[in-house]
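Report on one structure; see the data block that follows.
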Amino acid sequence: MDIRTRLIDTAEQLFDRHGFTATGMDRLTHGAGISSRTLYKHVGSKNRLLAIVLDERDRRFMRSLASAVSVDDLFGALGAWFADEGARGCLFLRSWAETGGEVPEIVEAMTRHKARLRQRIEEIVEAETGRRDDELAESILLLVEGVTHAATYRGSATVDVALRAARRLVEAAMV
């Protein structure tokens, strides 16, 4: 694994587990096995590193949803994500909140991710219902966002509850 990849992987684990503020440069460099000079050479700043981490996480998350064509697939992928990655809430929103919503790189990464997630849910709704339905997509997005946070304290069984609610919404929209 090259230095940049190792740094990004380490940073994602540390930011996800401990948060942005609590993850100092010493912890990052020690975890990645690199010097602070090497860290700055590869990413420039801690803010830039977090933005890179968020962009990489977005790519992985969106890949996990790539084959979803139904709400069953969507929530199945979400449950698998929680099983593989852990359920600690949305790293994008946590990072945005922790930085006060004032760090442009973080705001941009969060905004991009949320727009891509919304678009993907719109595609899934259209594939399942045969038509575009913005209100249904928004409702399912809110279920996804809610279960992402509720799973942190209620466990992964919340995914099944959200899936059942999504199914009811889809069924009602098909009438």
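A note on labels: chains of the structure tokens are A, B, ... as shown, every chain counts residues from 1, and ligands are counted from 1 in their shown order.
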
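Residues surrounding Gly89 in chain A within 10 Å are Asp16, Phe82, Gly86, Phe92, Leu93, Arg94, Glu145, Gly146, Val147, Thr148, His149, Ala150, Ala151, Thr152 and Tyr153 of chain A [only C-alpha atoms; sequence separation below 3 positions excluded].
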
Those same residues, written as a PDB file, in the first residue's frame with N, CA, C and O atoms?
```pdb
ATOM      1  N   ASP A  16     -13.316   8.593  11.972  1.00  0.00           N
ATOM      2  CA  ASP A  16     -14.595   7.926  12.209  1.00  0.00           C
ATOM      3  C   ASP A  16     -14.723   7.497  13.668  1.00  0.00           C
ATOM      4  O   ASP A  16     -15.775   7.642  14.284  1.00  0.00           O
ATOM      5  N   PHE A  82     -23.224  -1.028   7.521  1.00  0.00           N
ATOM      6  CA  PHE A  82     -23.103  -0.957   8.976  1.00  0.00           C
ATOM      7  C   PHE A  82     -22.346  -2.166   9.520  1.00  0.00           C
ATOM      8  O   PHE A  82     -21.544  -2.032  10.440  1.00  0.00           O
ATOM      9  N   GLY A  86     -19.326  -0.386  10.616  1.00  0.00           N
ATOM     10  CA  GLY A  86     -19.779   0.047  11.932  1.00  0.00           C
ATOM     11  C   GLY A  86     -20.861   1.110  11.777  1.00  0.00           C
ATOM     12  O   GLY A  86     -21.000   1.731  10.731  1.00  0.00           O
ATOM     13  N   PHE A  92     -20.005  12.319   7.300  1.00  0.00           N
ATOM     14  CA  PHE A  92     -20.108  13.608   6.611  1.00  0.00           C
ATOM     15  C   PHE A  92     -20.761  14.650   7.515  1.00  0.00           C
ATOM     16  O   PHE A  92     -20.237  15.749   7.679  1.00  0.00           O
ATOM     17  N   LEU A  93     -21.900  14.297   8.092  1.00  0.00           N
ATOM     18  CA  LEU A  93     -22.593  15.246   8.973  1.00  0.00           C
ATOM     19  C   LEU A  93     -21.837  15.477  10.268  1.00  0.00           C
ATOM     20  O   LEU A  93     -21.786  16.599  10.775  1.00  0.00           O
ATOM     21  N   ARG A  94     -21.225  14.418  10.799  1.00  0.00           N
ATOM     22  CA  ARG A  94     -20.442  14.584  12.027  1.00  0.00           C
ATOM     23  C   ARG A  94     -19.273  15.536  11.778  1.00  0.00           C
ATOM     24  O   ARG A  94     -18.987  16.419  12.600  1.00  0.00           O
ATOM     25  N   GLU A 145     -31.281   8.612   6.251  1.00  0.00           N
ATOM     26  CA  GLU A 145     -30.553   9.483   7.180  1.00  0.00           C
ATOM     27  C   GLU A 145     -30.888   9.132   8.624  1.00  0.00           C
ATOM     28  O   GLU A 145     -30.000   9.060   9.476  1.00  0.00           O
ATOM     29  N   GLY A 146     -32.161   8.898   8.901  1.00  0.00           N
ATOM     30  CA  GLY A 146     -32.573   8.581  10.263  1.00  0.00           C
ATOM     31  C   GLY A 146     -31.994   7.278  10.768  1.00  0.00           C
ATOM     32  O   GLY A 146     -31.495   7.203  11.895  1.00  0.00           O
ATOM     33  N   VAL A 147     -32.049   6.252   9.937  1.00  0.00           N
ATOM     34  CA  VAL A 147     -31.539   4.950  10.381  1.00  0.00           C
ATOM     35  C   VAL A 147     -30.015   4.988  10.523  1.00  0.00           C
ATOM     36  O   VAL A 147     -29.462   4.292  11.378  1.00  0.00           O
ATOM     37  N   THR A 148     -29.360   5.811   9.732  1.00  0.00           N
ATOM     38  CA  THR A 148     -27.903   5.934   9.841  1.00  0.00           C
ATOM     39  C   THR A 148     -27.520   6.412  11.242  1.00  0.00           C
ATOM     40  O   THR A 148     -26.538   5.949  11.820  1.00  0.00           O
ATOM     41  N   HIS A 149     -28.311   7.287  11.794  1.00  0.00           N
ATOM     42  CA  HIS A 149     -28.023   7.797  13.136  1.00  0.00           C
ATOM     43  C   HIS A 149     -28.631   6.914  14.223  1.00  0.00           C
ATOM     44  O   HIS A 149     -27.992   6.650  15.233  1.00  0.00           O
ATOM     45  N   ALA A 150     -29.846   6.436  14.014  1.00  0.00           N
ATOM     46  CA  ALA A 150     -30.500   5.608  15.030  1.00  0.00           C
ATOM     47  C   ALA A 150     -29.745   4.297  15.259  1.00  0.00           C
ATOM     48  O   ALA A 150     -29.724   3.785  16.378  1.00  0.00           O
ATOM     49  N   ALA A 151     -29.121   3.776  14.222  1.00  0.00           N
ATOM     50  CA  ALA A 151     -28.378   2.517  14.370  1.00  0.00           C
ATOM     51  C   ALA A 151     -27.215   2.654  15.351  1.00  0.00           C
ATOM     52  O   ALA A 151     -26.776   1.666  15.934  1.00  0.00           O
ATOM     53  N   THR A 152     -26.741   3.874  15.589  1.00  0.00           N
ATOM     54  CA  THR A 152     -25.628   4.069  16.516  1.00  0.00           C
ATOM     55  C   THR A 152     -26.014   3.711  17.942  1.00  0.00           C
ATOM     56  O   THR A 152     -25.183   3.232  18.701  1.00  0.00           O
ATOM     57  N   TYR A 153     -27.269   3.950  18.308  1.00  0.00           N
ATOM     58  CA  TYR A 153     -27.684   3.681  19.684  1.00  0.00           C
ATOM     59  C   TYR A 153     -28.781   2.627  19.799  1.00  0.00           C
ATOM     60  O   TYR A 153     -29.033   2.140  20.890  1.00  0.00           O
TER      61      TYR A 153
END
```

Produce a table with one row for each residue of range 8-109 of chain A that has an atom at most 7 Å from any atom of range 117-137 of chain A, each row naming the nearest atom pair and its distance in Å at one decimal; use only C-alpha atoms; arrange rows by chain and rising residue number; format as JSON lines.
```
{"residue": "A:Ala68", "atom": "CA", "partner": "A:Ile124", "partner_atom": "CA", "distance": 6.7}
{"residue": "A:Val69", "atom": "CA", "partner": "A:Ile124", "partner_atom": "CA", "distance": 5.0}
{"residue": "A:Ser70", "atom": "CA", "partner": "A:Glu128", "partner_atom": "CA", "distance": 5.3}
```

Quick one: pick out all helix (DSSP H, G or I) residues within range 15-156 of chain A from a backbone DSSP run and write them as an mmCIF file with N, CA and C atoms, in the first residue's frame.
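As written to disk, out_3.cif reads:
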```
data_model
loop_
_atom_site.group_PDB
_atom_site.id
_atom_site.type_symbol
_atom_site.label_atom_id
_atom_site.label_comp_id
_atom_site.auth_asym_id
_atom_site.auth_seq_id
_atom_site.Cartn_x
_atom_site.Cartn_y
_atom_site.Cartn_z
ATOM 1 N N PHE A 15 -10.662 9.382 12.204
ATOM 2 C CA PHE A 15 -11.721 10.403 12.201
ATOM 3 C C PHE A 15 -13.067 9.770 12.527
ATOM 4 N N ASP A 16 -13.316 8.593 11.972
ATOM 5 C CA ASP A 16 -14.595 7.926 12.209
ATOM 6 C C ASP A 16 -14.723 7.497 13.668
ATOM 7 N N ARG A 17 -13.662 7.011 14.246
ATOM 8 C CA ARG A 17 -13.689 6.506 15.615
ATOM 9 C C ARG A 17 -13.626 7.621 16.660
ATOM 10 N N HIS A 18 -12.759 8.612 16.422
ATOM 11 C CA HIS A 18 -12.487 9.612 17.462
ATOM 12 C C HIS A 18 -12.981 11.015 17.131
ATOM 13 N N MET A 25 -2.571 15.617 14.827
ATOM 14 C CA MET A 25 -1.567 15.276 13.820
ATOM 15 C C MET A 25 -0.636 14.167 14.311
ATOM 16 N N ASP A 26 -0.301 14.183 15.602
ATOM 17 C CA ASP A 26 0.568 13.129 16.138
ATOM 18 C C ASP A 26 -0.097 11.770 16.001
ATOM 19 N N ARG A 27 -1.384 11.709 16.319
ATOM 20 C CA ARG A 27 -2.121 10.447 16.211
ATOM 21 C C ARG A 27 -2.169 9.979 14.750
ATOM 22 N N LEU A 28 -2.386 10.923 13.839
ATOM 23 C CA LEU A 28 -2.439 10.580 12.410
ATOM 24 C C LEU A 28 -1.095 10.062 11.910
ATOM 25 N N THR A 29 -0.027 10.788 12.218
ATOM 26 C CA THR A 29 1.282 10.373 11.715
ATOM 27 C C THR A 29 1.725 9.066 12.348
ATOM 28 N N HIS A 30 1.464 8.904 13.628
ATOM 29 C CA HIS A 30 1.817 7.645 14.293
ATOM 30 C C HIS A 30 1.023 6.483 13.700
ATOM 31 N N GLY A 31 -0.282 6.675 13.530
ATOM 32 C CA GLY A 31 -1.131 5.612 12.991
ATOM 33 C C GLY A 31 -0.748 5.204 11.583
ATOM 34 N N ALA A 32 -0.342 6.176 10.768
ATOM 35 C CA ALA A 32 0.037 5.893 9.381
ATOM 36 C C ALA A 32 1.507 5.510 9.250
ATOM 37 N N SER A 36 5.270 14.012 10.065
ATOM 38 C CA SER A 36 4.336 15.110 9.789
ATOM 39 C C SER A 36 4.704 15.795 8.466
ATOM 40 N N ARG A 37 5.964 15.836 8.164
ATOM 41 C CA ARG A 37 6.403 16.417 6.890
ATOM 42 C C ARG A 37 5.834 15.645 5.708
ATOM 43 N N THR A 38 5.849 14.325 5.815
ATOM 44 C CA THR A 38 5.290 13.473 4.756
ATOM 45 C C THR A 38 3.783 13.675 4.646
ATOM 46 N N LEU A 39 3.118 13.804 5.791
ATOM 47 C CA LEU A 39 1.677 14.036 5.785
ATOM 48 C C LEU A 39 1.363 15.324 5.021
ATOM 49 N N TYR A 40 2.023 16.395 5.365
ATOM 50 C CA TYR A 40 1.759 17.684 4.713
ATOM 51 C C TYR A 40 2.117 17.646 3.230
ATOM 52 N N LYS A 41 3.163 16.907 2.889
ATOM 53 C CA LYS A 41 3.563 16.773 1.483
ATOM 54 C C LYS A 41 2.458 16.105 0.668
ATOM 55 N N HIS A 42 1.794 15.121 1.253
ATOM 56 C CA HIS A 42 0.789 14.359 0.517
ATOM 57 C C HIS A 42 -0.608 14.987 0.526
ATOM 58 N N VAL A 43 -0.957 15.713 1.590
ATOM 59 C CA VAL A 43 -2.333 16.234 1.666
ATOM 60 C C VAL A 43 -2.430 17.719 1.966
ATOM 61 N N LYS A 46 -4.736 19.287 7.568
ATOM 62 C CA LYS A 46 -5.679 18.365 8.196
ATOM 63 C C LYS A 46 -7.078 18.527 7.589
ATOM 64 N N ASN A 47 -7.474 19.759 7.305
ATOM 65 C CA ASN A 47 -8.773 19.988 6.661
ATOM 66 C C ASN A 47 -8.828 19.309 5.297
ATOM 67 N N ARG A 48 -7.776 19.459 4.529
ATOM 68 C CA ARG A 48 -7.713 18.841 3.194
ATOM 69 C C ARG A 48 -7.726 17.322 3.329
ATOM 70 N N LEU A 49 -7.037 16.796 4.329
ATOM 71 C CA LEU A 49 -7.038 15.350 4.563
ATOM 72 C C LEU A 49 -8.454 14.858 4.847
ATOM 73 N N LEU A 50 -9.187 15.569 5.685
ATOM 74 C CA LEU A 50 -10.560 15.158 5.981
ATOM 75 C C LEU A 50 -11.414 15.209 4.720
ATOM 76 N N ALA A 51 -11.251 16.227 3.902
ATOM 77 C CA ALA A 51 -12.018 16.312 2.654
ATOM 78 C C ALA A 51 -11.697 15.136 1.733
ATOM 79 N N ILE A 52 -10.434 14.758 1.645
ATOM 80 C CA ILE A 52 -10.030 13.602 0.831
ATOM 81 C C ILE A 52 -10.646 12.329 1.394
ATOM 82 N N VAL A 53 -10.588 12.176 2.715
ATOM 83 C CA VAL A 53 -11.191 11.015 3.372
ATOM 84 C C VAL A 53 -12.684 10.941 3.041
ATOM 85 N N LEU A 54 -13.371 12.070 3.140
ATOM 86 C CA LEU A 54 -14.808 12.079 2.858
ATOM 87 C C LEU A 54 -15.087 11.733 1.399
ATOM 88 N N ASP A 55 -14.284 12.241 0.483
ATOM 89 C CA ASP A 55 -14.480 11.912 -0.936
ATOM 90 C C ASP A 55 -14.262 10.415 -1.190
ATOM 91 N N GLU A 56 -13.247 9.838 -0.566
ATOM 92 C CA GLU A 56 -12.995 8.399 -0.720
ATOM 93 C C GLU A 56 -14.133 7.585 -0.119
ATOM 94 N N ARG A 57 -14.608 8.010 1.033
ATOM 95 C CA ARG A 57 -15.728 7.309 1.686
ATOM 96 C C ARG A 57 -16.981 7.398 0.814
ATOM 97 N N ASP A 58 -17.217 8.555 0.228
ATOM 98 C CA ASP A 58 -18.358 8.712 -0.678
ATOM 99 C C ASP A 58 -18.254 7.730 -1.839
ATOM 100 N N ARG A 59 -17.078 7.612 -2.446
ATOM 101 C CA ARG A 59 -16.906 6.678 -3.563
ATOM 102 C C ARG A 59 -17.230 5.247 -3.137
ATOM 103 N N ARG A 60 -16.706 4.854 -1.991
ATOM 104 C CA ARG A 60 -16.969 3.490 -1.497
ATOM 105 C C ARG A 60 -18.443 3.290 -1.187
ATOM 106 N N PHE A 61 -19.046 4.255 -0.524
ATOM 107 C CA PHE A 61 -20.453 4.129 -0.161
ATOM 108 C C PHE A 61 -21.330 4.059 -1.405
ATOM 109 N N MET A 62 -21.076 4.926 -2.369
ATOM 110 C CA MET A 62 -21.886 4.916 -3.580
ATOM 111 C C MET A 62 -21.679 3.624 -4.372
ATOM 112 N N ARG A 63 -20.481 3.068 -4.354
ATOM 113 C CA ARG A 63 -20.251 1.755 -4.988
ATOM 114 C C ARG A 63 -21.110 0.691 -4.321
ATOM 115 N N SER A 64 -21.283 0.798 -2.994
ATOM 116 C CA SER A 64 -22.074 -0.201 -2.277
ATOM 117 C C SER A 64 -23.553 -0.130 -2.669
ATOM 118 N N VAL A 71 -35.996 -0.567 -2.807
ATOM 119 C CA VAL A 71 -35.728 -0.178 -1.426
ATOM 120 C C VAL A 71 -35.171 -1.359 -0.646
ATOM 121 N N ASP A 72 -35.565 -2.575 -0.994
ATOM 122 C CA ASP A 72 -34.975 -3.742 -0.345
ATOM 123 C C ASP A 72 -33.459 -3.773 -0.559
ATOM 124 N N ASP A 73 -33.050 -3.529 -1.803
ATOM 125 C CA ASP A 73 -31.615 -3.495 -2.116
ATOM 126 C C ASP A 73 -30.918 -2.352 -1.383
ATOM 127 N N LEU A 74 -31.559 -1.184 -1.374
ATOM 128 C CA LEU A 74 -30.984 0.006 -0.727
ATOM 129 C C LEU A 74 -30.727 -0.251 0.749
ATOM 130 N N PHE A 75 -31.751 -0.726 1.452
ATOM 131 C CA PHE A 75 -31.585 -0.941 2.890
ATOM 132 C C PHE A 75 -30.729 -2.174 3.174
ATOM 133 N N GLY A 76 -30.723 -3.135 2.247
ATOM 134 C CA GLY A 76 -29.801 -4.261 2.378
ATOM 135 C C GLY A 76 -28.359 -3.806 2.298
ATOM 136 N N ALA A 77 -28.082 -2.904 1.353
ATOM 137 C CA ALA A 77 -26.732 -2.350 1.214
ATOM 138 C C ALA A 77 -26.356 -1.523 2.439
ATOM 139 N N LEU A 78 -27.320 -0.793 2.970
ATOM 140 C CA LEU A 78 -27.066 0.005 4.164
ATOM 141 C C LEU A 78 -26.748 -0.899 5.365
ATOM 142 N N GLY A 79 -27.507 -1.968 5.515
ATOM 143 C CA GLY A 79 -27.225 -2.926 6.590
ATOM 144 C C GLY A 79 -25.851 -3.558 6.444
ATOM 145 N N ALA A 80 -25.471 -3.892 5.206
ATOM 146 C CA ALA A 80 -24.140 -4.460 4.963
ATOM 147 C C ALA A 80 -23.051 -3.443 5.277
ATOM 148 N N TRP A 81 -23.299 -2.177 4.940
ATOM 149 C CA TRP A 81 -22.336 -1.104 5.248
ATOM 150 C C TRP A 81 -22.118 -1.022 6.757
ATOM 151 N N PHE A 82 -23.224 -1.028 7.521
ATOM 152 C CA PHE A 82 -23.103 -0.957 8.976
ATOM 153 C C PHE A 82 -22.346 -2.166 9.520
ATOM 154 N N ALA A 83 -22.606 -3.338 8.961
ATOM 155 C CA ALA A 83 -21.920 -4.553 9.416
ATOM 156 C C ALA A 83 -20.419 -4.468 9.136
ATOM 157 N N ASP A 84 -20.055 -3.932 7.981
ATOM 158 C CA ASP A 84 -18.642 -3.845 7.589
ATOM 159 C C ASP A 84 -17.922 -2.650 8.216
ATOM 160 N N GLU A 85 -18.581 -1.510 8.237
ATOM 161 C CA GLU A 85 -17.942 -0.263 8.628
ATOM 162 C C GLU A 85 -18.249 0.157 10.063
ATOM 163 N N LEU A 91 -20.480 10.106 8.873
ATOM 164 C CA LEU A 91 -19.204 10.805 9.031
ATOM 165 C C LEU A 91 -19.239 12.176 8.365
ATOM 166 N N PHE A 92 -20.005 12.319 7.300
ATOM 167 C CA PHE A 92 -20.108 13.608 6.611
ATOM 168 C C PHE A 92 -20.761 14.650 7.515
ATOM 169 N N LEU A 93 -21.900 14.297 8.092
ATOM 170 C CA LEU A 93 -22.593 15.246 8.973
ATOM 171 C C LEU A 93 -21.837 15.477 10.268
ATOM 172 N N ARG A 94 -21.225 14.418 10.799
ATOM 173 C CA ARG A 94 -20.442 14.584 12.027
ATOM 174 C C ARG A 94 -19.273 15.536 11.778
ATOM 175 N N SER A 95 -18.599 15.381 10.647
ATOM 176 C CA SER A 95 -17.450 16.236 10.316
ATOM 177 C C SER A 95 -17.889 17.671 10.081
ATOM 178 N N TRP A 96 -18.991 17.835 9.370
ATOM 179 C CA TRP A 96 -19.529 19.166 9.110
ATOM 180 C C TRP A 96 -19.876 19.860 10.427
ATOM 181 N N ALA A 97 -20.550 19.137 11.312
ATOM 182 C CA ALA A 97 -20.949 19.721 12.602
ATOM 183 C C ALA A 97 -19.724 20.021 13.466
ATOM 184 N N GLU A 98 -18.782 19.110 13.477
ATOM 185 C CA GLU A 98 -17.613 19.284 14.331
ATOM 186 C C GLU A 98 -16.747 20.470 13.895
ATOM 187 N N PRO A 104 -14.656 25.210 4.164
ATOM 188 C CA PRO A 104 -15.176 25.027 2.805
ATOM 189 C C PRO A 104 -14.976 23.616 2.230
ATOM 190 N N GLU A 105 -13.805 23.021 2.443
ATOM 191 C CA GLU A 105 -13.552 21.685 1.895
ATOM 192 C C GLU A 105 -14.523 20.652 2.452
ATOM 193 N N ILE A 106 -14.856 20.785 3.734
ATOM 194 C CA ILE A 106 -15.752 19.831 4.396
ATOM 195 C C ILE A 106 -17.189 20.084 3.943
ATOM 196 N N VAL A 107 -17.580 21.343 3.873
ATOM 197 C CA VAL A 107 -18.925 21.696 3.401
ATOM 198 C C VAL A 107 -19.125 21.156 1.987
ATOM 199 N N GLU A 108 -18.145 21.345 1.127
ATOM 200 C CA GLU A 108 -18.245 20.878 -0.260
ATOM 201 C C GLU A 108 -18.333 19.361 -0.333
ATOM 202 N N ALA A 109 -17.514 18.653 0.442
ATOM 203 C CA ALA A 109 -17.545 17.183 0.426
ATOM 204 C C ALA A 109 -18.886 16.675 0.937
ATOM 205 N N MET A 110 -19.400 17.267 2.003
ATOM 206 C CA MET A 110 -20.681 16.849 2.563
ATOM 207 C C MET A 110 -21.808 17.134 1.573
ATOM 208 N N THR A 111 -21.802 18.305 0.989
ATOM 209 C CA THR A 111 -22.844 18.688 0.036
ATOM 210 C C THR A 111 -22.839 17.769 -1.186
ATOM 211 N N ARG A 112 -21.655 17.477 -1.699
ATOM 212 C CA ARG A 112 -21.534 16.556 -2.844
ATOM 213 C C ARG A 112 -22.099 15.187 -2.504
ATOM 214 N N HIS A 113 -21.705 14.670 -1.345
ATOM 215 C CA HIS A 113 -22.163 13.339 -0.929
ATOM 216 C C HIS A 113 -23.681 13.298 -0.801
ATOM 217 N N LYS A 114 -24.244 14.283 -0.128
ATOM 218 C CA LYS A 114 -25.693 14.285 0.095
ATOM 219 C C LYS A 114 -26.447 14.423 -1.225
ATOM 220 N N ALA A 115 -25.923 15.212 -2.161
ATOM 221 C CA ALA A 115 -26.561 15.334 -3.479
ATOM 222 C C ALA A 115 -26.488 14.019 -4.239
ATOM 223 N N ARG A 116 -25.353 13.358 -4.183
ATOM 224 C CA ARG A 116 -25.210 12.057 -4.870
ATOM 225 C C ARG A 116 -26.118 11.008 -4.247
ATOM 226 N N LEU A 117 -26.231 11.027 -2.917
ATOM 227 C CA LEU A 117 -27.116 10.077 -2.247
ATOM 228 C C LEU A 117 -28.564 10.334 -2.662
ATOM 229 N N ARG A 118 -28.974 11.572 -2.678
ATOM 230 C CA ARG A 118 -30.341 11.923 -3.090
ATOM 231 C C ARG A 118 -30.588 11.459 -4.531
ATOM 232 N N GLN A 119 -29.640 11.720 -5.414
ATOM 233 C CA GLN A 119 -29.784 11.309 -6.812
ATOM 234 C C GLN A 119 -29.904 9.789 -6.928
ATOM 235 N N ARG A 120 -29.087 9.077 -6.173
ATOM 236 C CA ARG A 120 -29.128 7.608 -6.234
ATOM 237 C C ARG A 120 -30.478 7.093 -5.745
ATOM 238 N N ILE A 121 -31.006 7.681 -4.697
ATOM 239 C CA ILE A 121 -32.319 7.272 -4.181
ATOM 240 C C ILE A 121 -33.406 7.595 -5.204
ATOM 241 N N GLU A 122 -33.303 8.730 -5.877
ATOM 242 C CA GLU A 122 -34.260 9.047 -6.943
ATOM 243 C C GLU A 122 -34.234 7.971 -8.026
ATOM 244 N N GLU A 123 -33.031 7.511 -8.396
ATOM 245 C CA GLU A 123 -32.902 6.454 -9.411
ATOM 246 C C GLU A 123 -33.532 5.147 -8.936
ATOM 247 N N ILE A 124 -33.325 4.816 -7.673
ATOM 248 C CA ILE A 124 -33.893 3.588 -7.118
ATOM 249 C C ILE A 124 -35.419 3.673 -7.096
ATOM 250 N N VAL A 125 -35.945 4.817 -6.692
ATOM 251 C CA VAL A 125 -37.399 5.010 -6.668
ATOM 252 C C VAL A 125 -37.968 4.859 -8.077
ATOM 253 N N GLU A 126 -37.310 5.472 -9.039
ATOM 254 C CA GLU A 126 -37.788 5.375 -10.419
ATOM 255 C C GLU A 126 -37.705 3.942 -10.936
ATOM 256 N N ALA A 127 -36.639 3.229 -10.605
ATOM 257 C CA ALA A 127 -36.513 1.830 -11.032
ATOM 258 C C ALA A 127 -37.601 0.969 -10.418
ATOM 259 N N GLU A 128 -37.931 1.248 -9.166
ATOM 260 C CA GLU A 128 -38.926 0.414 -8.480
ATOM 261 C C GLU A 128 -40.362 0.775 -8.855
ATOM 262 N N THR A 129 -40.636 2.044 -9.034
ATOM 263 C CA THR A 129 -42.026 2.463 -9.286
ATOM 264 C C THR A 129 -42.319 2.697 -10.762
ATOM 265 N N ASP A 134 -40.448 12.675 -6.587
ATOM 266 C CA ASP A 134 -39.558 13.445 -5.707
ATOM 267 C C ASP A 134 -39.948 13.328 -4.237
ATOM 268 N N GLU A 135 -41.240 13.330 -3.961
ATOM 269 C CA GLU A 135 -41.683 13.243 -2.566
ATOM 270 C C GLU A 135 -41.339 11.881 -1.962
ATOM 271 N N LEU A 136 -41.521 10.822 -2.725
ATOM 272 C CA LEU A 136 -41.166 9.489 -2.245
ATOM 273 C C LEU A 136 -39.650 9.384 -2.040
ATOM 274 N N ALA A 137 -38.888 9.923 -2.978
ATOM 275 C CA ALA A 137 -37.428 9.900 -2.840
ATOM 276 C C ALA A 137 -36.988 10.660 -1.590
ATOM 277 N N GLU A 138 -37.599 11.800 -1.345
ATOM 278 C CA GLU A 138 -37.258 12.587 -0.149
ATOM 279 C C GLU A 138 -37.604 11.817 1.123
ATOM 280 N N SER A 139 -38.751 11.158 1.129
ATOM 281 C CA SER A 139 -39.162 10.377 2.310
ATOM 282 C C SER A 139 -38.199 9.228 2.572
ATOM 283 N N ILE A 140 -37.789 8.558 1.518
ATOM 284 C CA ILE A 140 -36.846 7.438 1.682
ATOM 285 C C ILE A 140 -35.478 7.961 2.098
ATOM 286 N N LEU A 141 -35.070 9.105 1.549
ATOM 287 C CA LEU A 141 -33.814 9.729 1.987
ATOM 288 C C LEU A 141 -33.851 10.007 3.486
ATOM 289 N N LEU A 142 -34.957 10.529 3.973
ATOM 290 C CA LEU A 142 -35.072 10.801 5.408
ATOM 291 C C LEU A 142 -35.018 9.518 6.232
ATOM 292 N N LEU A 143 -35.570 8.439 5.711
ATOM 293 C CA LEU A 143 -35.455 7.153 6.409
ATOM 294 C C LEU A 143 -33.993 6.688 6.447
ATOM 295 N N VAL A 144 -33.290 6.843 5.334
ATOM 296 C CA VAL A 144 -31.871 6.461 5.282
ATOM 297 C C VAL A 144 -31.068 7.293 6.270
ATOM 298 N N GLU A 145 -31.281 8.612 6.251
ATOM 299 C CA GLU A 145 -30.553 9.483 7.180
ATOM 300 C C GLU A 145 -30.888 9.132 8.624
ATOM 301 N N GLY A 146 -32.161 8.898 8.901
ATOM 302 C CA GLY A 146 -32.573 8.581 10.263
ATOM 303 C C GLY A 146 -31.994 7.278 10.768
ATOM 304 N N VAL A 147 -32.049 6.252 9.937
ATOM 305 C CA VAL A 147 -31.539 4.950 10.381
ATOM 306 C C VAL A 147 -30.015 4.988 10.523
ATOM 307 N N THR A 148 -29.360 5.811 9.732
ATOM 308 C CA THR A 148 -27.903 5.934 9.841
ATOM 309 C C THR A 148 -27.520 6.412 11.242
ATOM 310 N N HIS A 149 -28.311 7.287 11.794
ATOM 311 C CA HIS A 149 -28.023 7.797 13.136
ATOM 312 C C HIS A 149 -28.631 6.914 14.223
ATOM 313 N N ALA A 150 -29.846 6.436 14.014
ATOM 314 C CA ALA A 150 -30.500 5.608 15.030
ATOM 315 C C ALA A 150 -29.745 4.297 15.259
ATOM 316 N N ALA A 151 -29.121 3.776 14.222
ATOM 317 C CA ALA A 151 -28.378 2.517 14.370
ATOM 318 C C ALA A 151 -27.215 2.654 15.351
ATOM 319 N N THR A 152 -26.741 3.874 15.589
ATOM 320 C CA THR A 152 -25.628 4.069 16.516
ATOM 321 C C THR A 152 -26.014 3.711 17.942
ATOM 322 N N TYR A 153 -27.269 3.950 18.308
ATOM 323 C CA TYR A 153 -27.684 3.681 19.684
ATOM 324 C C TYR A 153 -28.781 2.627 19.799
ATOM 325 N N ARG A 154 -29.405 2.271 18.681
ATOM 326 C CA ARG A 154 -30.459 1.266 18.733
ATOM 327 C C ARG A 154 -30.056 -0.037 18.064
#
```

Response to the item:
CA of Thr23 in chain A to CA of Ser156 in chain A measures 26.5 Å

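Rounded to one decimal, CA of Thr10 in chain A and CA of Gly33 in chain A lie 9.5 Å from each other.
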
Worksheet entry | Atomic distance CA of Ser35 in chain A - CA of Val103 in chain A, expressed in Å with one decimal | 24.7 Å
